[in-house]
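What follows is the content of structure.json, which has JSON, C-alpha atoms (C1' of nucleotides):
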```json
[["chain", "number", "residue", "atom", "x", "y", "z"],
["L", 1, "MET", "CA", -57.31, -34.44, -48.77],
["L", 2, "ALA", "CA", -59.87, -33.21, -51.19],
["L", 3, "VAL", "CA", -59.73, -30.03, -53.20],
["L", 4, "SER", "CA", -61.52, -27.04, -51.87],
["L", 5, "VAL", "CA", -61.07, -23.45, -52.74],
["L", 6, "VAL", "CA", -61.96, -22.25, -49.36],
["L", 7, "SER", "CA", -60.25, -24.36, -46.77],
["L", 8, "SER", "CA", -57.34, -26.70, -47.09],
["L", 9, "GLY", "CA", -59.13, -29.65, -48.48],
["L", 10, "SER", "CA", -62.01, -31.38, -50.10],
["L", 11, "VAL", "CA", -63.25, -30.57, -53.54],
["L", 12, "SER", "CA", -66.68, -31.13, -52.13],
["L", 13, "ASN", "CA", -67.08, -34.26, -54.12],
["L", 14, "ASN", "CA", -69.23, -33.56, -57.10],
["L", 15, "SER", "CA", -71.62, -36.42, -57.13],
["L", 16, "ALA", "CA", -71.94, -37.61, -60.66],
["L", 17, "GLU", "CA", -73.11, -34.96, -63.06],
["L", 18, "SER", "CA", -73.56, -31.69, -61.23],
["L", 19, "LEU", "CA", -70.50, -30.11, -59.72],
["L", 20, "CYS", "CA", -70.86, -27.80, -56.76],
["L", 21, "PRO", "CA", -72.79, -24.69, -57.83],
["L", 22, "TYR", "CA", -69.86, -22.32, -57.67],
["L", 23, "ARG", "CA", -67.96, -24.51, -60.07],
["L", 24, "LEU", "CA", -70.68, -23.98, -62.64],
["L", 25, "VAL", "CA", -70.49, -20.22, -62.27],
["L", 26, "LEU", "CA", -66.72, -20.40, -62.52],
["L", 27, "GLU", "CA", -67.09, -22.35, -65.74],
["L", 28, "HIS", "CA", -69.39, -19.70, -67.13],
["L", 29, "LEU", "CA", -66.81, -17.03, -66.33],
["L", 30, "THR", "CA", -63.95, -18.99, -67.81],
["L", 31, "SER", "CA", -65.75, -20.52, -70.76],
["L", 32, "ARG", "CA", -64.41, -20.06, -74.24],
["L", 33, "TRP", "CA", -66.68, -17.15, -75.13],
["L", 34, "GLY", "CA", -67.42, -15.96, -71.62],
["L", 35, "VAL", "CA", -63.84, -14.86, -71.11],
["L", 36, "LEU", "CA", -63.78, -12.85, -74.30],
["L", 37, "VAL", "CA", -67.17, -11.25, -73.70],
["L", 38, "LEU", "CA", -66.25, -10.20, -70.16],
["L", 39, "ILE", "CA", -62.96, -8.72, -71.27],
["L", 40, "GLU", "CA", -64.52, -6.82, -74.14],
["L", 41, "LEU", "CA", -67.28, -5.44, -71.94],
["L", 42, "LEU", "CA", -64.62, -4.17, -69.57],
["L", 43, "GLU", "CA", -63.97, -1.60, -72.29],
["L", 44, "GLY", "CA", -67.52, -0.34, -72.12],
["L", 45, "PRO", "CA", -71.08, -1.19, -73.20],
["L", 46, "ARG", "CA", -71.43, -3.05, -76.43],
["L", 47, "ARG", "CA", -74.26, -3.94, -78.78],
["L", 48, "PHE", "CA", -74.86, -7.53, -79.83],
["L", 49, "GLY", "CA", -73.32, -7.00, -83.25],
["L", 50, "GLU", "CA", -70.35, -5.14, -81.82],
["L", 51, "LEU", "CA", -69.60, -8.00, -79.47],
["L", 52, "ARG", "CA", -69.94, -10.43, -82.32],
["L", 53, "ARG", "CA", -67.37, -8.61, -84.36],
["L", 54, "ALA", "CA", -65.09, -7.93, -81.40],
["L", 55, "VAL", "CA", -64.97, -11.51, -80.23],
["L", 56, "GLY", "CA", -64.15, -12.76, -83.66],
["L", 57, "ARG", "CA", -65.68, -16.01, -84.76],
["L", 58, "VAL", "CA", -68.67, -16.69, -82.60],
["L", 59, "SER", "CA", -71.86, -18.06, -83.93],
["L", 60, "GLU", "CA", -74.96, -16.07, -83.03],
["L", 61, "LYS", "CA", -76.12, -19.07, -81.09],
["L", 62, "MET", "CA", -73.09, -19.23, -78.83],
["L", 63, "LEU", "CA", -72.93, -15.49, -78.26],
["L", 64, "THR", "CA", -76.61, -15.45, -77.34],
["L", 65, "GLN", "CA", -76.17, -18.39, -75.04],
["L", 66, "THR", "CA", -73.09, -16.91, -73.40],
["L", 67, "LEU", "CA", -74.77, -13.57, -72.83],
["L", 68, "GLN", "CA", -77.90, -15.16, -71.40],
["L", 69, "THR", "CA", -75.87, -17.26, -69.01],
["L", 70, "LEU", "CA", -73.82, -14.31, -67.84],
["L", 71, "GLU", "CA", -76.95, -12.20, -67.53],
["L", 72, "ARG", "CA", -78.65, -14.84, -65.45],
["L", 73, "ASP", "CA", -75.62, -15.10, -63.18],
["L", 74, "GLY", "CA", -75.85, -11.36, -62.64],
["L", 75, "MET", "CA", -72.62, -10.52, -64.45],
["L", 76, "VAL", "CA", -74.07, -8.75, -67.45],
["L", 77, "HIS", "CA", -76.85, -6.23, -67.80],
["L", 78, "ARG", "CA", -79.05, -6.37, -70.88],
["L", 79, "ASP", "CA", -80.73, -3.19, -72.05],
["L", 80, "ALA", "CA", -83.16, -3.77, -74.90],
["L", 81, "LYS", "CA", -84.43, -0.58, -76.45],
["L", 82, "PRO", "CA", -87.94, -0.88, -77.90],
["L", 83, "VAL", "CA", -87.06, 0.53, -81.28],
["L", 84, "ILE", "CA", -87.15, -0.60, -84.86],
["L", 85, "PRO", "CA", -84.74, -1.98, -85.78],
["L", 86, "PRO", "CA", -84.00, -3.54, -82.39],
["L", 87, "ARG", "CA", -81.09, -2.23, -80.36],
["L", 88, "VAL", "CA", -79.71, -4.08, -77.38],
["L", 89, "ASP", "CA", -76.85, -2.89, -75.24],
["L", 90, "TYR", "CA", -74.87, -5.15, -72.96],
["L", 91, "SER", "CA", -72.77, -3.94, -70.07],
["L", 92, "LEU", "CA", -71.11, -5.31, -66.96],
["L", 93, "THR", "CA", -72.85, -5.19, -63.61],
["L", 94, "GLU", "CA", -70.73, -4.39, -60.59],
["L", 95, "LEU", "CA", -70.48, -8.10, -59.92],
["L", 96, "GLY", "CA", -69.51, -8.72, -63.51],
["L", 97, "HIS", "CA", -66.92, -6.00, -63.39],
["L", 98, "GLU", "CA", -65.20, -7.66, -60.46],
["L", 99, "ALA", "CA", -65.25, -11.00, -62.21],
["L", 100, "ALA", "CA", -64.07, -9.59, -65.53],
["L", 101, "THR", "CA", -61.18, -7.81, -63.88],
["L", 102, "GLN", "CA", -59.91, -11.05, -62.40],
["L", 103, "VAL", "CA", -60.46, -12.99, -65.58],
["L", 104, "ARG", "CA", -58.55, -10.37, -67.51],
["L", 105, "ALA", "CA", -55.76, -10.50, -64.95],
["L", 106, "LEU", "CA", -55.44, -14.24, -65.38],
["L", 107, "GLY", "CA", -55.52, -13.78, -69.14],
["L", 108, "ARG", "CA", -52.81, -11.16, -69.00],
["L", 109, "TRP", "CA", -50.69, -13.28, -66.72],
["L", 110, "THR", "CA", -51.00, -16.15, -69.16],
["L", 111, "GLN", "CA", -50.04, -13.95, -72.07],
["L", 112, "ALA", "CA", -47.06, -12.61, -70.17],
["L", 113, "ARG", "CA", -45.94, -16.16, -69.39],
["L", 114, "MET", "CA", -46.37, -17.62, -72.84],
["L", 115, "ASP", "CA", -42.62, -17.69, -73.38],
["L", 116, "ASP", "CA", -42.15, -19.89, -70.32],
["L", 117, "VAL", "CA", -44.98, -22.11, -71.50],
["L", 118, "ALA", "CA", -43.46, -22.40, -74.95],
["L", 119, "GLN", "CA", -40.11, -23.37, -73.45],
["L", 120, "ALA", "CA", -41.72, -25.92, -71.16],
["L", 121, "ARG", "CA", -43.50, -27.44, -74.13],
["L", 122, "ALA", "CA", -40.34, -27.60, -76.16],
["L", 123, "ARG", "CA", -38.61, -29.46, -73.34],
["L", 124, "TYR", "CA", -41.58, -31.77, -72.85],
["L", 125, "ASP", "CA", -41.88, -32.57, -76.53],
["L", 126, "ALA", "CA", -38.14, -33.10, -76.88],
["L", 127, "ALA", "CA", -38.17, -35.55, -73.99],
["L", 128, "LYS", "CA", -41.10, -37.38, -75.47],
["L", 129, "THR", "CA", -39.70, -37.63, -78.98],
["L", 130, "PRO", "CA", -36.01, -38.26, -78.50],
["L", 131, "ALA", "CA", -35.93, -40.37, -81.64],
["Z", 1, "MET", "CA", -63.17, -2.92, -81.05],
["Z", 2, "ALA", "CA", -62.09, -6.45, -80.60],
["Z", 3, "VAL", "CA", -61.33, -8.19, -77.35],
["Z", 4, "SER", "CA", -57.75, -8.30, -76.23],
["Z", 5, "VAL", "CA", -56.42, -8.94, -72.80],
["Z", 6, "VAL", "CA", -53.48, -6.76, -73.28],
["Z", 7, "SER", "CA", -54.51, -3.56, -74.94],
["Z", 8, "SER", "CA", -57.93, -2.00, -75.25],
["Z", 9, "GLY", "CA", -59.24, -4.01, -78.09],
["Z", 10, "SER", "CA", -59.19, -6.88, -80.50],
["Z", 11, "VAL", "CA", -59.70, -10.45, -79.50],
["Z", 12, "SER", "CA", -57.03, -11.28, -82.00],
["Z", 13, "ASN", "CA", -59.52, -13.00, -84.19],
["Z", 14, "ASN", "CA", -59.22, -16.70, -83.77],
["Z", 15, "SER", "CA", -59.32, -17.95, -87.29],
["Z", 16, "ALA", "CA", -61.61, -20.92, -87.33],
["Z", 17, "GLU", "CA", -60.46, -23.68, -85.04],
["Z", 18, "SER", "CA", -57.35, -22.59, -83.21],
["Z", 19, "LEU", "CA", -57.66, -19.65, -80.87],
["Z", 20, "CYS", "CA", -54.64, -17.57, -80.05],
["Z", 21, "PRO", "CA", -52.11, -19.72, -78.20],
["Z", 22, "TYR", "CA", -52.54, -18.07, -74.83],
["Z", 23, "ARG", "CA", -56.26, -18.78, -74.96],
["Z", 24, "LEU", "CA", -55.49, -22.47, -75.15],
["Z", 25, "VAL", "CA", -53.27, -22.32, -72.10],
["Z", 26, "LEU", "CA", -55.92, -20.33, -70.27],
["Z", 27, "GLU", "CA", -58.43, -23.03, -71.12],
["Z", 28, "HIS", "CA", -56.11, -25.66, -69.71],
["Z", 29, "LEU", "CA", -55.84, -23.69, -66.48],
["Z", 30, "THR", "CA", -59.56, -23.11, -66.21],
["Z", 31, "SER", "CA", -60.76, -26.46, -67.49],
["Z", 32, "ARG", "CA", -63.11, -28.56, -65.44],
["Z", 33, "TRP", "CA", -60.43, -30.76, -63.92],
["Z", 34, "GLY", "CA", -57.50, -28.41, -64.37],
["Z", 35, "VAL", "CA", -58.90, -25.99, -61.82],
["Z", 36, "LEU", "CA", -59.37, -28.69, -59.22],
["Z", 37, "VAL", "CA", -55.98, -30.26, -59.78],
["Z", 38, "LEU", "CA", -54.18, -26.93, -59.51],
["Z", 39, "ILE", "CA", -56.00, -26.02, -56.32],
["Z", 40, "GLU", "CA", -55.33, -29.39, -54.74],
["Z", 41, "LEU", "CA", -51.65, -29.28, -55.65],
["Z", 42, "LEU", "CA", -51.44, -25.90, -53.97],
["Z", 43, "GLU", "CA", -51.75, -27.91, -50.75],
["Z", 44, "GLY", "CA", -48.64, -29.88, -51.56],
["Z", 45, "PRO", "CA", -47.38, -32.77, -53.73],
["Z", 46, "ARG", "CA", -49.87, -35.49, -54.46],
["Z", 47, "ARG", "CA", -49.77, -38.98, -55.92],
["Z", 48, "PHE", "CA", -51.97, -39.94, -58.83],
["Z", 49, "GLY", "CA", -54.38, -41.85, -56.65],
["Z", 50, "GLU", "CA", -54.49, -39.11, -54.06],
["Z", 51, "LEU", "CA", -55.44, -36.57, -56.70],
["Z", 52, "ARG", "CA", -58.06, -38.93, -58.03],
["Z", 53, "ARG", "CA", -59.70, -39.23, -54.64],
["Z", 54, "ALA", "CA", -59.28, -35.54, -53.80],
["Z", 55, "VAL", "CA", -60.85, -34.27, -57.00],
["Z", 56, "GLY", "CA", -63.81, -36.54, -56.59],
["Z", 57, "ARG", "CA", -65.29, -38.12, -59.67],
["Z", 58, "VAL", "CA", -62.66, -38.06, -62.35],
["Z", 59, "SER", "CA", -62.03, -40.90, -64.69],
["Z", 60, "GLU", "CA", -58.44, -42.05, -64.91],
["Z", 61, "LYS", "CA", -58.46, -40.93, -68.51],
["Z", 62, "MET", "CA", -59.41, -37.35, -67.74],
["Z", 63, "LEU", "CA", -57.03, -37.03, -64.83],
["Z", 64, "THR", "CA", -54.17, -38.39, -66.91],
["Z", 65, "GLN", "CA", -55.04, -36.08, -69.76],
["Z", 66, "THR", "CA", -55.31, -33.07, -67.47],
["Z", 67, "LEU", "CA", -52.01, -33.81, -65.77],
["Z", 68, "GLN", "CA", -50.21, -34.34, -69.06],
["Z", 69, "THR", "CA", -51.52, -31.10, -70.45],
["Z", 70, "LEU", "CA", -50.53, -29.16, -67.35],
["Z", 71, "GLU", "CA", -47.16, -30.85, -67.31],
["Z", 72, "ARG", "CA", -46.53, -29.95, -70.93],
["Z", 73, "ASP", "CA", -47.49, -26.35, -70.26],
["Z", 74, "GLY", "CA", -44.92, -26.29, -67.47],
["Z", 75, "MET", "CA", -47.42, -25.95, -64.65],
["Z", 76, "VAL", "CA", -46.96, -29.35, -63.07],
["Z", 77, "HIS", "CA", -43.89, -31.41, -62.33],
["Z", 78, "ARG", "CA", -44.12, -35.18, -62.65],
["Z", 79, "ASP", "CA", -41.81, -37.32, -60.58],
["Z", 80, "ALA", "CA", -42.03, -40.98, -61.44],
["Z", 81, "LYS", "CA", -40.15, -43.21, -59.02],
["Z", 82, "PRO", "CA", -38.80, -46.39, -60.60],
["Z", 83, "VAL", "CA", -40.22, -48.72, -58.01],
["Z", 84, "ILE", "CA", -42.62, -51.59, -57.90],
["Z", 85, "PRO", "CA", -45.42, -50.87, -57.52],
["Z", 86, "PRO", "CA", -45.09, -47.58, -59.45],
["Z", 87, "ARG", "CA", -45.18, -44.34, -57.51],
["Z", 88, "VAL", "CA", -45.67, -40.99, -59.22],
["Z", 89, "ASP", "CA", -45.72, -37.67, -57.43],
["Z", 90, "TYR", "CA", -47.14, -34.52, -58.93],
["Z", 91, "SER", "CA", -46.33, -31.03, -57.74],
["Z", 92, "LEU", "CA", -46.61, -27.45, -58.93],
["Z", 93, "THR", "CA", -43.74, -25.74, -60.68],
["Z", 94, "GLU", "CA", -43.12, -22.11, -59.85],
["Z", 95, "LEU", "CA", -45.09, -21.18, -62.94],
["Z", 96, "GLY", "CA", -47.88, -23.50, -61.90],
["Z", 97, "HIS", "CA", -47.89, -22.09, -58.41],
["Z", 98, "GLU", "CA", -48.49, -18.60, -59.76],
["Z", 99, "ALA", "CA", -51.27, -19.83, -61.99],
["Z", 100, "ALA", "CA", -52.88, -21.93, -59.28],
["Z", 101, "THR", "CA", -52.88, -19.04, -56.87],
["Z", 102, "GLN", "CA", -54.82, -16.89, -59.30],
["Z", 103, "VAL", "CA", -57.18, -19.67, -60.22],
["Z", 104, "ARG", "CA", -57.89, -20.30, -56.57],
["Z", 105, "ALA", "CA", -58.46, -16.59, -56.01],
["Z", 106, "LEU", "CA", -61.05, -16.52, -58.77],
["Z", 107, "GLY", "CA", -62.61, -19.64, -57.34],
["Z", 108, "ARG", "CA", -62.77, -18.14, -53.88],
["Z", 109, "TRP", "CA", -64.22, -14.91, -55.21],
["Z", 110, "THR", "CA", -66.89, -16.90, -56.99],
["Z", 111, "GLN", "CA", -67.71, -18.86, -53.86],
["Z", 112, "ALA", "CA", -67.89, -15.68, -51.83],
["Z", 113, "ARG", "CA", -70.26, -14.17, -54.38],
["Z", 114, "MET", "CA", -72.58, -17.12, -54.75],
["Z", 115, "ASP", "CA", -75.30, -15.39, -52.78],
["Z", 116, "ASP", "CA", -75.32, -12.49, -55.22],
["Z", 117, "VAL", "CA", -75.39, -14.95, -58.10],
["Z", 118, "ALA", "CA", -78.29, -16.83, -56.56],
["Z", 119, "GLN", "CA", -80.24, -13.63, -56.10],
["Z", 120, "ALA", "CA", -79.53, -12.52, -59.66],
["Z", 121, "ARG", "CA", -80.75, -15.86, -60.91],
["Z", 122, "ALA", "CA", -83.90, -15.66, -58.86],
["Z", 123, "ARG", "CA", -84.65, -12.25, -60.34],
["Z", 124, "TYR", "CA", -83.85, -13.41, -63.84],
["Z", 125, "ASP", "CA", -85.99, -16.52, -63.58],
["Z", 126, "ALA", "CA", -88.85, -14.61, -62.01],
["Z", 127, "ALA", "CA", -88.81, -12.11, -64.85],
["Z", 128, "LYS", "CA", -88.74, -14.90, -67.40],
["Z", 129, "THR", "CA", -91.53, -16.91, -65.85],
["Z", 130, "PRO", "CA", -94.04, -14.34, -64.64],
["Z", 131, "ALA", "CA", -96.89, -16.68, -65.37],
["C", 1, "DC", "C1'", -50.21, -48.38, -58.85],
["C", 2, "DG", "C1'", -50.32, -45.68, -62.69],
["C", 3, "DG", "C1'", -51.16, -45.59, -66.57],
["C", 4, "DT", "C1'", -52.68, -46.64, -72.14],
["C", 5, "DA", "C1'", -56.08, -48.04, -75.79],
["C", 6, "DT", "C1'", -60.56, -48.53, -77.52],
["C", 7, "DC", "C1'", -65.24, -47.77, -77.86],
["C", 8, "DC", "C1'", -69.38, -45.37, -77.15],
["C", 9, "DA", "C1'", -72.70, -41.78, -75.10],
["C", 10, "DA", "C1'", -73.35, -37.03, -74.17],
["C", 11, "DA", "C1'", -72.59, -32.36, -74.68],
["C", 12, "DA", "C1'", -70.71, -28.40, -77.01],
["C", 13, "DG", "C1'", -70.66, -25.85, -80.97],
["C", 14, "DG", "C1'", -71.58, -24.21, -85.79],
["C", 15, "DA", "C1'", -74.50, -23.36, -90.28],
["C", 16, "DT", "C1'", -78.62, -22.26, -91.93],
["C", 17, "DA", "C1'", -83.21, -20.57, -92.15],
["C", 18, "DC", "C1'", -86.68, -17.93, -90.19],
["C", 19, "DT", "C1'", -89.10, -14.15, -86.98],
["C", 20, "DG", "C1'", -90.41, -9.66, -84.55],
["E", 1, "DC", "C1'", -80.67, -5.84, -85.71],
["E", 2, "DA", "C1'", -81.13, -9.24, -82.53],
["E", 3, "DG", "C1'", -82.43, -12.95, -81.81],
["E", 4, "DT", "C1'", -84.97, -18.22, -82.07],
["E", 5, "DA", "C1'", -85.35, -22.94, -83.96],
["E", 6, "DT", "C1'", -83.55, -26.86, -86.20],
["E", 7, "DC", "C1'", -80.20, -29.83, -87.84],
["E", 8, "DC", "C1'", -75.82, -31.75, -88.01],
["E", 9, "DT", "C1'", -70.74, -32.13, -86.96],
["E", 10, "DT", "C1'", -67.08, -32.03, -83.58],
["E", 11, "DT", "C1'", -65.41, -32.46, -79.16],
["E", 12, "DT", "C1'", -65.57, -34.05, -74.53],
["E", 13, "DG", "C1'", -65.86, -37.38, -71.27],
["E", 14, "DG", "C1'", -66.72, -41.85, -69.13],
["E", 15, "DA", "C1'", -66.58, -47.16, -68.90],
["E", 16, "DT", "C1'", -64.03, -50.98, -69.79],
["E", 17, "DA", "C1'", -60.13, -53.82, -70.56],
["E", 18, "DC", "C1'", -55.42, -54.45, -70.60],
["E", 19, "DC", "C1'", -50.11, -53.45, -69.75],
["E", 20, "DG", "C1'", -45.46, -52.47, -67.25]]
```
Have the structure of the file written as structure tokens, please.
Amino acid sequence: MAVSVVSSGSVSNNSAESLCPYRLVLEHLTSRWGVLVLIELLEGPRRFGELRRAVGRVSEKMLTQTLQTLERDGMVHRDAKPVIPPRVDYSLTELGHEAATQVRALGRWTQARMDDVAQARARYDAAKTPA
Amino acid sequence: MAVSVVSSGSVSNNSAESLCPYRLVLEHLTSRWGVLVLIELLEGPRRFGELRRAVGRVSEKMLTQTLQTLERDGMVHRDAKPVIPPRVDYSLTELGHEAATQVRALGRWTQARMDDVAQARARYDAAKTPA
DNA sequence: CGGTATCCAAAAGGATACTG
DNA sequence: CAGTATCCTTTTGGATACCG
């Protein structure tokens, strides 16, 4: 009856605030900036500034936060070189590589299906606004 | 240089507010309640109240919003029976079934890897708080 | 039952300034 | 360069009340 990823039921009712732990990790992987960081890192190691430019419009705060979360979850490896000026390289761990590959697959699937989505929306909107 | 899901680069810089369209759809699929609804519907059609109980602690507002978004994107089919009291069945479209399958796969992978994540976190936290 | 509408609290997110 | 700290705006989400 309830939603579970593993068996046929039960979401493992998230009491109040905290959802089941895996849900939190999943949200990190699929978060707005997490997705883009993972996909970019799939191309190879990147410096902080490179990621910033690659991702587009991220504030330093959010990129930092995203990277720290992914590092803590064991998805991203942070290599800070003790030089002046500072140089920090980020790369995927093996775990992160597995995750990123799946995230990218879902992203690609979505892109490939955007025409279907657009058509569905057109139908939906037309039905809603017949006037 | 920039993150793209399709080629080797470019996130397709999201100018300001709106991200590229596919990113929005991806966020619908991977949203807090979207994930749980898709996974539950993979088990079969569900009524509004059934989904509400299965997902756990969702407000009516959020479940309605989630279902409407997924319906508009063509992932979910809504079948409202004209009876008293009202009865509405939700089910996955073919598109939604494809999406849900991938979402569930990512969810399952995450669950299967939770031990690795926990260990990574323990290491990270230990390194941060050596005192 | 299956919603919609409104209001309010909480969290996410960005701009700016500053540091090692 | 790669952050951290602070402030403020925007978005998200829940509680409540009401409707068909």
Please give chain Z as a compact mmCIF listing (two decimals) with C-alpha atoms, in the coordinates of the input, after it has been superposed on chain L by least squares over all Cα atoms paired in order.
```txt
# COMPACT_ATOMS: atom_id res chain seq x y z
CA MET Z 1 -57.39 -34.44 -48.82
CA ALA Z 2 -59.90 -33.22 -51.28
CA VAL Z 3 -59.77 -30.03 -53.27
CA SER Z 4 -61.56 -27.04 -51.89
CA VAL Z 5 -61.06 -23.44 -52.75
CA VAL Z 6 -61.92 -22.26 -49.36
CA SER Z 7 -60.24 -24.41 -46.79
CA SER Z 8 -57.30 -26.75 -47.15
CA GLY Z 9 -59.06 -29.68 -48.60
CA SER Z 10 -61.96 -31.43 -50.20
CA VAL Z 11 -63.20 -30.69 -53.65
CA SER Z 12 -66.65 -31.12 -52.25
CA ASN Z 13 -67.15 -34.23 -54.25
CA ASN Z 14 -69.28 -33.48 -57.23
CA SER Z 15 -71.71 -36.32 -57.26
CA ALA Z 16 -71.98 -37.49 -60.81
CA GLU Z 17 -73.17 -34.78 -63.15
CA SER Z 18 -73.61 -31.56 -61.24
CA LEU Z 19 -70.53 -30.03 -59.70
CA CYS Z 20 -70.85 -27.75 -56.73
CA PRO Z 21 -72.79 -24.64 -57.75
CA TYR Z 22 -69.86 -22.26 -57.62
CA ARG Z 23 -67.95 -24.47 -60.03
CA LEU Z 24 -70.68 -23.95 -62.58
CA VAL Z 25 -70.49 -20.19 -62.24
CA LEU Z 26 -66.71 -20.37 -62.50
CA GLU Z 27 -67.10 -22.34 -65.70
CA HIS Z 28 -69.40 -19.68 -67.09
CA LEU Z 29 -66.81 -17.03 -66.31
CA THR Z 30 -63.95 -19.00 -67.79
CA SER Z 31 -65.76 -20.52 -70.73
CA ARG Z 32 -64.44 -20.08 -74.23
CA TRP Z 33 -66.67 -17.15 -75.11
CA GLY Z 34 -67.42 -15.97 -71.60
CA VAL Z 35 -63.83 -14.87 -71.09
CA LEU Z 36 -63.79 -12.85 -74.29
CA VAL Z 37 -67.16 -11.24 -73.69
CA LEU Z 38 -66.24 -10.19 -70.16
CA ILE Z 39 -62.95 -8.71 -71.28
CA GLU Z 40 -64.53 -6.83 -74.14
CA LEU Z 41 -67.29 -5.44 -71.93
CA LEU Z 42 -64.62 -4.17 -69.58
CA GLU Z 43 -63.97 -1.61 -72.32
CA GLY Z 44 -67.51 -0.34 -72.11
CA PRO Z 45 -71.08 -1.19 -73.19
CA ARG Z 46 -71.43 -3.05 -76.44
CA ARG Z 47 -74.25 -3.95 -78.79
CA PHE Z 48 -74.86 -7.53 -79.82
CA GLY Z 49 -73.33 -7.04 -83.22
CA GLU Z 50 -70.36 -5.17 -81.82
CA LEU Z 51 -69.61 -8.03 -79.45
CA ARG Z 52 -69.97 -10.47 -82.30
CA ARG Z 53 -67.39 -8.65 -84.37
CA ALA Z 54 -65.09 -7.96 -81.40
CA VAL Z 55 -64.96 -11.55 -80.22
CA GLY Z 56 -64.17 -12.79 -83.67
CA ARG Z 57 -65.69 -16.05 -84.79
CA VAL Z 58 -68.69 -16.71 -82.63
CA SER Z 59 -71.91 -18.06 -83.93
CA GLU Z 60 -74.99 -16.09 -82.99
CA LYS Z 61 -76.14 -19.09 -81.03
CA MET Z 62 -73.07 -19.25 -78.83
CA LEU Z 63 -72.95 -15.52 -78.23
CA THR Z 64 -76.61 -15.47 -77.28
CA GLN Z 65 -76.15 -18.44 -75.00
CA THR Z 66 -73.08 -16.93 -73.37
CA LEU Z 67 -74.77 -13.58 -72.81
CA GLN Z 68 -77.89 -15.18 -71.37
CA THR Z 69 -75.87 -17.28 -68.98
CA LEU Z 70 -73.82 -14.31 -67.82
CA GLU Z 71 -76.94 -12.21 -67.51
CA ARG Z 72 -78.64 -14.85 -65.40
CA ASP Z 73 -75.60 -15.09 -63.15
CA GLY Z 74 -75.81 -11.34 -62.63
CA MET Z 75 -72.60 -10.52 -64.45
CA VAL Z 76 -74.07 -8.75 -67.44
CA HIS Z 77 -76.86 -6.24 -67.79
CA ARG Z 78 -79.06 -6.39 -70.88
CA ASP Z 79 -80.74 -3.23 -72.06
CA ALA Z 80 -83.15 -3.83 -74.89
CA LYS Z 81 -84.43 -0.63 -76.47
CA PRO Z 82 -87.93 -0.93 -77.91
CA VAL Z 83 -87.07 0.50 -81.28
CA ILE Z 84 -87.14 -0.62 -84.85
CA PRO Z 85 -84.74 -1.98 -85.79
CA PRO Z 86 -84.01 -3.56 -82.38
CA ARG Z 87 -81.10 -2.24 -80.37
CA VAL Z 88 -79.70 -4.13 -77.39
CA ASP Z 89 -76.85 -2.92 -75.24
CA TYR Z 90 -74.87 -5.16 -72.96
CA SER Z 91 -72.76 -3.95 -70.06
CA LEU Z 92 -71.11 -5.30 -66.95
CA THR Z 93 -72.84 -5.17 -63.60
CA GLU Z 94 -70.71 -4.37 -60.58
CA LEU Z 95 -70.46 -8.08 -59.90
CA GLY Z 96 -69.50 -8.70 -63.50
CA HIS Z 97 -66.92 -5.96 -63.39
CA GLU Z 98 -65.19 -7.63 -60.46
CA ALA Z 99 -65.24 -10.98 -62.20
CA ALA Z 100 -64.06 -9.57 -65.51
CA THR Z 101 -61.18 -7.80 -63.87
CA GLN Z 102 -59.91 -11.03 -62.39
CA VAL Z 103 -60.47 -12.97 -65.56
CA ARG Z 104 -58.54 -10.38 -67.51
CA ALA Z 105 -55.75 -10.49 -64.95
CA LEU Z 106 -55.43 -14.24 -65.38
CA GLY Z 107 -55.52 -13.78 -69.12
CA ARG Z 108 -52.81 -11.16 -69.00
CA TRP Z 109 -50.68 -13.28 -66.71
CA THR Z 110 -51.01 -16.15 -69.15
CA GLN Z 111 -50.05 -13.96 -72.08
CA ALA Z 112 -47.07 -12.62 -70.18
CA ARG Z 113 -45.96 -16.16 -69.40
CA MET Z 114 -46.36 -17.61 -72.85
CA ASP Z 115 -42.63 -17.70 -73.39
CA ASP Z 116 -42.16 -19.88 -70.33
CA VAL Z 117 -44.99 -22.10 -71.51
CA ALA Z 118 -43.45 -22.41 -74.95
CA GLN Z 119 -40.11 -23.37 -73.47
CA ALA Z 120 -41.71 -25.92 -71.16
CA ARG Z 121 -43.49 -27.43 -74.12
CA ALA Z 122 -40.33 -27.61 -76.15
CA ARG Z 123 -38.61 -29.46 -73.32
CA TYR Z 124 -41.56 -31.77 -72.82
CA ASP Z 125 -41.86 -32.60 -76.50
CA ALA Z 126 -38.13 -33.10 -76.85
CA ALA Z 127 -38.13 -35.54 -73.96
CA LYS Z 128 -41.08 -37.40 -75.44
CA THR Z 129 -39.67 -37.63 -78.94
CA PRO Z 130 -35.96 -38.26 -78.47
CA ALA Z 131 -35.86 -40.36 -81.59
```
List every residue of chain Z that has an atom at most 8 Å from any atom of chain C, giving for each one its closest atom pair and the distance in Å to one decimal, counting all atoms listed in the file, sorted by chain and then by ascending residue number, as a tab-separated table.
```
residue	atom	partner	partner_atom	distance
Z:Phe48	CA	C:DG2	C1'	7.1
Z:Thr64	CA	C:DG3	C1'	7.8
Z:Pro85	CA	C:DC1	C1'	5.6
Z:Pro86	CA	C:DC1	C1'	5.2
Z:Arg87	CA	C:DC1	C1'	6.6
Z:Val88	CA	C:DG2	C1'	7.5
```
Is it possible to get the axis-aligned box enclosing region 6-10 of chain E (all listed atoms, 6 Å extra per side) as JSON, with centre and edge lengths in Å rounded to one decimal?
```
{"center_x": -75.3, "center_y": -29.5, "center_z": -85.8, "size_x": 28.5, "size_y": 17.3, "size_z": 16.4}
```
| Using all atoms listed in the file, which of Z:Lys61, Z:His77, Z:Arg72, Z:His28 sits nearest chain L? |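 Between Z:Lys61, Z:His77, Z:Arg72, Z:His28, the residue approaching chain L most closely is Z:Arg72.
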| request: Pick out the chain E residues within 9 Å of chain Z. Count all atoms listed in the file. Give them as number ranges by chain. | output: E: 13-15
